[in-house]
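Asks: Structure file protein.cif (mmCIF, C-alpha atoms and all ligand atoms) right here:
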```cif
data_start
loop_
_atom_site.label_atom_id
_atom_site.label_comp_id
_atom_site.auth_asym_id
_atom_site.auth_seq_id
_atom_site.Cartn_x
_atom_site.Cartn_y
_atom_site.Cartn_z
CA MET B 1 13.06 -17.97 -33.11
CA ASN B 2 13.85 -16.74 -36.60
CA VAL B 3 12.58 -14.51 -39.34
CA ALA B 4 9.49 -16.24 -40.70
CA SER B 5 8.81 -14.93 -44.21
CA ALA B 6 10.88 -14.73 -47.38
CA GLU B 7 10.37 -10.95 -47.58
CA LEU B 8 11.57 -10.41 -44.02
CA ALA B 9 14.51 -12.73 -44.57
CA ALA B 10 15.49 -10.69 -47.65
CA ALA B 11 15.15 -7.42 -45.72
CA ALA B 12 17.26 -8.86 -42.88
CA ARG B 13 19.98 -9.78 -45.40
CA ASP B 14 19.93 -6.26 -46.88
CA ALA B 15 19.93 -4.68 -43.42
CA ALA B 16 23.08 -6.62 -42.55
CA ALA B 17 24.96 -4.24 -44.86
CA CYS B 18 23.11 -1.08 -43.72
CA ARG B 19 25.07 2.18 -43.77
CA ARG B 20 22.10 4.54 -43.33
CA CYS B 21 23.61 6.03 -40.17
CA PRO B 22 27.07 5.80 -38.58
CA LEU B 23 26.12 3.25 -35.89
CA TRP B 24 27.15 0.25 -38.02
CA ALA B 25 30.82 1.21 -37.69
CA ASN B 26 31.26 0.22 -34.02
CA ALA B 27 28.56 -2.43 -33.68
CA THR B 28 29.25 -6.13 -34.20
CA GLN B 29 26.29 -6.64 -36.50
CA THR B 30 22.81 -5.54 -37.46
CA VAL B 31 20.20 -7.04 -35.13
CA PHE B 32 17.05 -7.46 -37.19
CA GLY B 33 13.66 -8.39 -35.77
CA GLU B 34 12.50 -11.97 -35.51
CA GLY B 35 9.42 -13.99 -34.82
CA ALA B 36 6.17 -14.94 -36.47
CA GLY B 37 5.99 -13.46 -39.98
CA ARG B 38 2.28 -12.65 -39.68
CA ALA B 39 2.17 -12.04 -35.94
CA ARG B 40 -0.86 -10.27 -34.52
CA ILE B 41 1.40 -8.54 -32.00
CA MET B 42 4.63 -6.73 -32.77
CA LEU B 43 6.86 -5.63 -29.89
CA VAL B 44 9.22 -2.73 -30.58
CA GLY B 45 12.16 -1.97 -28.29
CA GLU B 46 14.83 0.68 -28.48
CA GLN B 47 18.01 -0.89 -29.83
CA PRO B 48 20.05 -4.06 -29.25
CA GLY B 49 22.08 -4.13 -26.05
CA ASP B 50 25.51 -5.61 -25.47
CA GLN B 51 24.34 -9.24 -25.54
CA GLU B 52 22.01 -8.75 -28.48
CA ASP B 53 24.83 -7.13 -30.44
CA LEU B 54 27.00 -10.20 -29.88
CA ALA B 55 24.23 -12.76 -30.46
CA GLY B 56 22.63 -10.97 -33.43
CA ARG B 57 19.16 -11.48 -31.93
CA PRO B 58 16.79 -9.01 -30.22
CA PHE B 59 15.96 -9.17 -26.51
CA VAL B 60 18.18 -12.08 -25.49
CA GLY B 61 19.96 -10.23 -22.64
CA PRO B 62 18.72 -9.10 -19.19
CA ALA B 63 15.90 -6.91 -20.55
CA GLY B 64 14.83 -9.81 -22.78
CA LYS B 65 14.65 -12.15 -19.79
CA ILE B 66 12.28 -9.75 -18.00
CA LEU B 67 10.27 -9.34 -21.17
CA ASP B 68 9.96 -13.12 -21.62
CA THR B 69 8.75 -13.63 -18.07
CA ALA B 70 6.32 -10.70 -18.26
CA LEU B 71 4.90 -11.94 -21.60
CA GLN B 72 4.40 -15.37 -20.10
CA GLU B 73 2.64 -13.93 -17.03
CA ALA B 74 0.44 -11.83 -19.31
CA GLY B 75 -0.51 -14.93 -21.27
CA ILE B 76 1.29 -13.88 -24.47
CA ASP B 77 3.34 -16.58 -26.20
CA ARG B 78 6.59 -15.00 -27.43
CA ALA B 79 6.65 -17.54 -30.24
CA LEU B 80 3.49 -15.89 -31.62
CA VAL B 81 4.79 -12.33 -31.64
CA TYR B 82 7.31 -10.48 -33.77
CA VAL B 83 10.01 -8.75 -31.73
CA THR B 84 12.17 -5.94 -33.05
CA ASN B 85 13.86 -2.65 -32.22
CA ALA B 86 13.50 0.92 -33.48
CA VAL B 87 17.28 1.03 -34.11
CA LYS B 88 19.11 -2.06 -35.28
CA HIS B 89 22.69 -1.37 -34.25
CA PHE B 90 24.03 -1.17 -30.69
CA LYS B 91 25.07 2.39 -29.78
CA PHE B 92 27.60 2.54 -26.96
CA ILE B 93 30.70 4.16 -25.60
CA PRO B 94 33.58 1.95 -24.48
CA ARG B 95 34.54 2.24 -20.81
CA GLY B 96 37.39 -0.07 -19.92
CA LYS B 97 36.20 -3.55 -20.84
CA ARG B 98 32.54 -2.52 -20.76
CA ARG B 99 30.37 -1.03 -23.47
CA ILE B 100 27.98 1.54 -22.05
CA HIS B 101 24.61 1.91 -23.75
CA GLN B 102 23.88 5.29 -25.38
CA LYS B 103 20.40 6.40 -26.35
CA PRO B 104 19.92 6.65 -30.12
CA ASP B 105 19.28 10.19 -31.38
CA THR B 106 16.39 11.33 -33.58
CA GLY B 107 18.54 11.13 -36.75
CA GLU B 108 19.48 7.51 -36.02
CA ILE B 109 15.85 6.64 -35.23
CA ALA B 110 14.73 8.29 -38.49
CA ALA B 111 17.41 6.50 -40.55
CA CYS B 112 16.49 3.11 -39.13
CA LYS B 113 12.77 3.66 -39.66
CA PHE B 114 13.39 2.43 -43.20
CA TRP B 115 13.78 -1.12 -41.79
CA LEU B 116 11.06 -0.80 -39.16
CA ASP B 117 8.61 0.30 -41.86
CA ILE B 118 9.41 -2.82 -43.91
CA GLU B 119 8.89 -5.01 -40.86
CA ARG B 120 5.58 -3.31 -40.02
CA GLU B 121 4.34 -3.60 -43.58
CA GLN B 122 5.30 -7.26 -43.88
CA VAL B 123 4.12 -8.43 -40.47
CA ASN B 124 1.08 -6.15 -40.54
CA PRO B 125 0.29 -6.63 -36.85
CA ARG B 126 -3.05 -5.65 -35.39
CA LEU B 127 -1.30 -4.50 -32.22
CA THR B 128 2.12 -2.82 -31.92
CA VAL B 129 3.43 -2.61 -28.37
CA LEU B 130 5.90 0.25 -28.01
CA LEU B 131 8.43 -0.45 -25.28
CA GLY B 132 9.61 2.98 -24.17
CA ALA B 133 10.07 6.43 -25.69
CA THR B 134 12.41 5.53 -28.57
CA ALA B 135 10.02 2.92 -29.95
CA ALA B 136 7.11 5.33 -29.46
CA ARG B 137 8.94 8.09 -31.34
CA ALA B 138 9.83 5.75 -34.18
CA VAL B 139 6.28 4.51 -34.71
CA LEU B 140 4.18 7.53 -33.71
CA GLY B 141 6.59 10.10 -35.19
CA ARG B 142 6.55 12.43 -32.20
CA THR B 143 7.89 12.84 -28.69
CA VAL B 144 5.97 10.61 -26.29
CA THR B 145 5.88 10.98 -22.51
CA ILE B 146 5.44 7.41 -21.32
CA GLY B 147 3.76 8.35 -18.04
CA ARG B 148 1.08 10.30 -19.91
CA GLU B 149 0.39 7.87 -22.75
CA ARG B 150 1.02 4.39 -21.44
CA GLY B 151 -1.71 1.84 -21.11
CA ARG B 152 -4.28 2.90 -23.68
CA PRO B 153 -4.87 2.00 -27.34
CA ILE B 154 -3.66 4.54 -29.91
CA PRO B 155 -5.21 4.14 -33.39
CA LEU B 156 -2.69 3.63 -36.21
CA GLY B 157 -5.24 3.50 -39.03
CA PRO B 158 -6.74 0.68 -41.06
CA THR B 159 -4.74 -2.45 -41.89
CA PRO B 160 -4.72 -3.76 -45.48
CA ALA B 161 -6.61 -6.82 -44.23
CA GLY B 162 -9.39 -4.62 -42.79
CA GLY B 163 -9.86 -3.60 -39.17
CA ASP B 164 -7.83 -1.03 -37.31
CA ALA B 165 -4.23 -1.32 -36.26
CA LEU B 166 -3.47 -0.16 -32.73
CA ALA B 167 -0.38 0.97 -30.88
CA PHE B 168 0.02 0.61 -27.14
CA VAL B 169 2.75 2.38 -25.18
CA THR B 170 4.36 0.95 -22.09
CA VAL B 171 7.70 1.15 -20.31
CA HIS B 172 10.88 -0.43 -21.62
CA PRO B 173 11.86 -3.52 -19.58
CA SER B 174 15.33 -1.98 -18.98
CA PHE B 175 13.58 0.67 -16.89
CA LEU B 176 12.65 -2.10 -14.45
CA LEU B 177 16.29 -3.18 -14.23
CA ARG B 178 17.39 0.32 -13.29
CA LEU B 179 14.97 0.82 -10.39
CA PRO B 180 16.91 1.16 -7.13
CA ASP B 181 14.76 -0.74 -4.64
CA GLU B 182 12.96 -4.07 -4.61
CA ALA B 183 9.55 -2.64 -3.70
CA ALA B 184 9.62 -0.29 -6.70
CA LYS B 185 10.84 -3.13 -8.93
CA ARG B 186 7.96 -5.37 -7.85
CA ARG B 187 5.38 -2.60 -8.25
CA GLU B 188 6.60 -1.52 -11.69
CA TYR B 189 6.99 -5.09 -12.92
CA ALA B 190 3.37 -5.79 -11.93
CA ALA B 191 2.27 -2.63 -13.78
CA PHE B 192 4.25 -3.76 -16.86
CA VAL B 193 2.58 -7.20 -16.81
CA GLY B 194 -0.76 -5.42 -16.35
CA ASP B 195 -0.07 -3.28 -19.43
CA LEU B 196 0.84 -6.33 -21.53
CA ARG B 197 -2.29 -8.15 -20.38
CA HIS B 198 -4.42 -5.11 -21.18
CA ALA B 199 -2.75 -4.79 -24.61
CA ALA B 200 -3.37 -8.47 -25.44
CA GLY B 201 -7.01 -8.00 -24.42
CA LEU B 202 -7.39 -5.44 -27.22
CA LEU B 203 -6.98 -8.11 -29.89
N1 LIG Y 301 16.83 -3.41 -25.23
C1 LIG Y 301 16.14 -3.22 -26.38
O1 LIG Y 301 15.45 -2.23 -26.56
N2 LIG Y 301 16.20 -4.14 -27.30
C2 LIG Y 301 16.90 -5.25 -27.17
O2 LIG Y 301 16.90 -6.06 -28.11
C3 LIG Y 301 17.61 -5.43 -25.96
C4 LIG Y 301 17.56 -4.50 -25.01
#
```
Represent the structure contained in this file as structure tokens.
Replies:
Amino acid sequence: MNVASAELAAAARDAAACRRCPLWANATQTVFGEGAGRARIMLVGEQPGDQEDLAGRPFVGPAGKILDTALQEAGIDRALVYVTNAVKHFKFIPRGKRRIHQKPDTGEIAACKFWLDIEREQVNPRLTVLLGATAARAVLGRTVTIGRERGRPIPLGPTPAGGDALAFVTVHPSFLLRLPDEAAKRREYAAFVGDLRHAAGLL
């Protein structure tokens, strides 16, 4: 899956040299969004993880695998969506041979909104699915408690093509990976698929 419009391809090239916040210094590369250039659904995650940083593509690691399966179960073809992150460089601290994920701060989210805004304007999705609190902060511009706001449409205003754009908050797939027991994993995965199905039904 690759960037599908000339404008997005140009933005991705510019973002490759981004110095808007310090995260570029330790990351391997900028991980720009990819997918259908005029997708009706945009999925926004937090930031690339270890594998995404190395591959240069969003959601190709363990969280991406869960996301792919959940999208499939919810009847959403990943080839028809645009997938991106609120922050486009991997933030981590080295620990031995491992790189441990660090949450981006509000300054980093604000700096990277420059690129997310370009993606949102170009793709102009009817539905933007916000995977977790960082994505929700980036798009809604405020602190979001996932448990309180997940699973319902949030109006984003009119789209240039007419009709209203909607946001929809759900959990980040990495949350499912961190759950300690299998029963909780199964329950939360089913709720995640349910959210995605509900979101797709809003189109
Ligand atoms: N987590 C994210 O939020 N985005 C990715 O691309 C991978 C993991």
Asks: Specify the axis-aligned box that encloses all atoms of ligand LIG 301 (chain Y) listed in the file after padding of 8 Å on each side, stating its centre and edge lengths in Å to one decimal as JSON.
Replies:
```
{"center_x": 16.5, "center_y": -4.1, "center_z": -26.6, "size_x": 18.2, "size_y": 19.8, "size_z": 19.1}
```
Asks: From the set B:Ala136, B:Ala12, B:Leu127, B:Ile146, which residue has the shortest atom-to-atom contact distance to Ile41 of chain B, counting all atoms listed in the file?
Replies: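 Of the candidates, the smallest distance to Ile41 of chain B is held by B:Leu127.
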Asks: How would you report the residues lying within 6 Å of ligand LIG 301 (chain Y), as JSON, numbers by chain, if you count all atoms listed in the file?
Replies: {"B": [45, 46, 47, 48, 49, 52, 58, 59, 63, 85]}
Asks: Residues as selected, C-alpha atoms, written as a CSV table (one decimal), in the coordinates of the input, can you do that?
Replies:
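As written to disk, out_24.csv reads:
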```
chain,number,residue,atom,x,y,z
B,45,GLY,CA,12.2,-2.0,-28.3
B,46,GLU,CA,14.8,0.7,-28.5
B,47,GLN,CA,18.0,-0.9,-29.8
B,48,PRO,CA,20.0,-4.1,-29.2
B,49,GLY,CA,22.1,-4.1,-26.0
B,52,GLU,CA,22.0,-8.8,-28.5
B,58,PRO,CA,16.8,-9.0,-30.2
B,59,PHE,CA,16.0,-9.2,-26.5
B,63,ALA,CA,15.9,-6.9,-20.6
B,85,ASN,CA,13.9,-2.6,-32.2
```
Asks: When distances are computed from only C-alpha atoms, which of B:Ser174, B:Thr159, B:Gln51, B:Thr69 shows the smallest separation from Gln122 of chain B?
Replies: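 Between B:Ser174, B:Thr159, B:Gln51, B:Thr69, the residue approaching Gln122 of chain B most closely is B:Thr159.
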Asks: Provide the atom CA of Pro173 of chain B to atom CA of Leu202 of chain B distance in Å, to one decimal place.
Replies: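 One can read the atom CA of Pro173 of chain B to atom CA of Leu202 of chain B distance as 20.8 Å.
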Asks: Can you tell me how far atom CA of Asp14 of chain B sits from atom CA of Ile118 of chain B, in Å to one decimal?
Replies: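 So the two atoms, atom CA of Asp14 of chain B and atom CA of Ile118 of chain B, lie 11.5 Å apart.
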Asks: May I ask which of the residues B:Leu166, B:Leu23, B:Ala184, B:Leu176 is the closest one to Gln102 of chain B, counting only C-alpha atoms?
Replies: B:Leu23
Asks: For Gly56 of chain B, which of B:Arg40, B:His89, B:Arg152, B:His198 is the closest residue, counting all atoms listed in the file?
Replies: B:His89
Asks: So which one's closest to Lys65 of chain B, B:Leu177, B:Thr106, B:Ala199, B:Cys18? Using only C-alpha atoms, please.
Replies: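 Between B:Leu177, B:Thr106, B:Ala199, B:Cys18, the residue approaching Lys65 of chain B most closely is B:Leu177.
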Asks: Just the number, please: distance in Å from atom CA of Phe114 of chain B to atom CA of Val139 of chain B, one decimal.
Replies: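 Taking atom CA of Phe114 of chain B as the start and atom CA of Val139 of chain B as the end point, the length is 11.3 Å.
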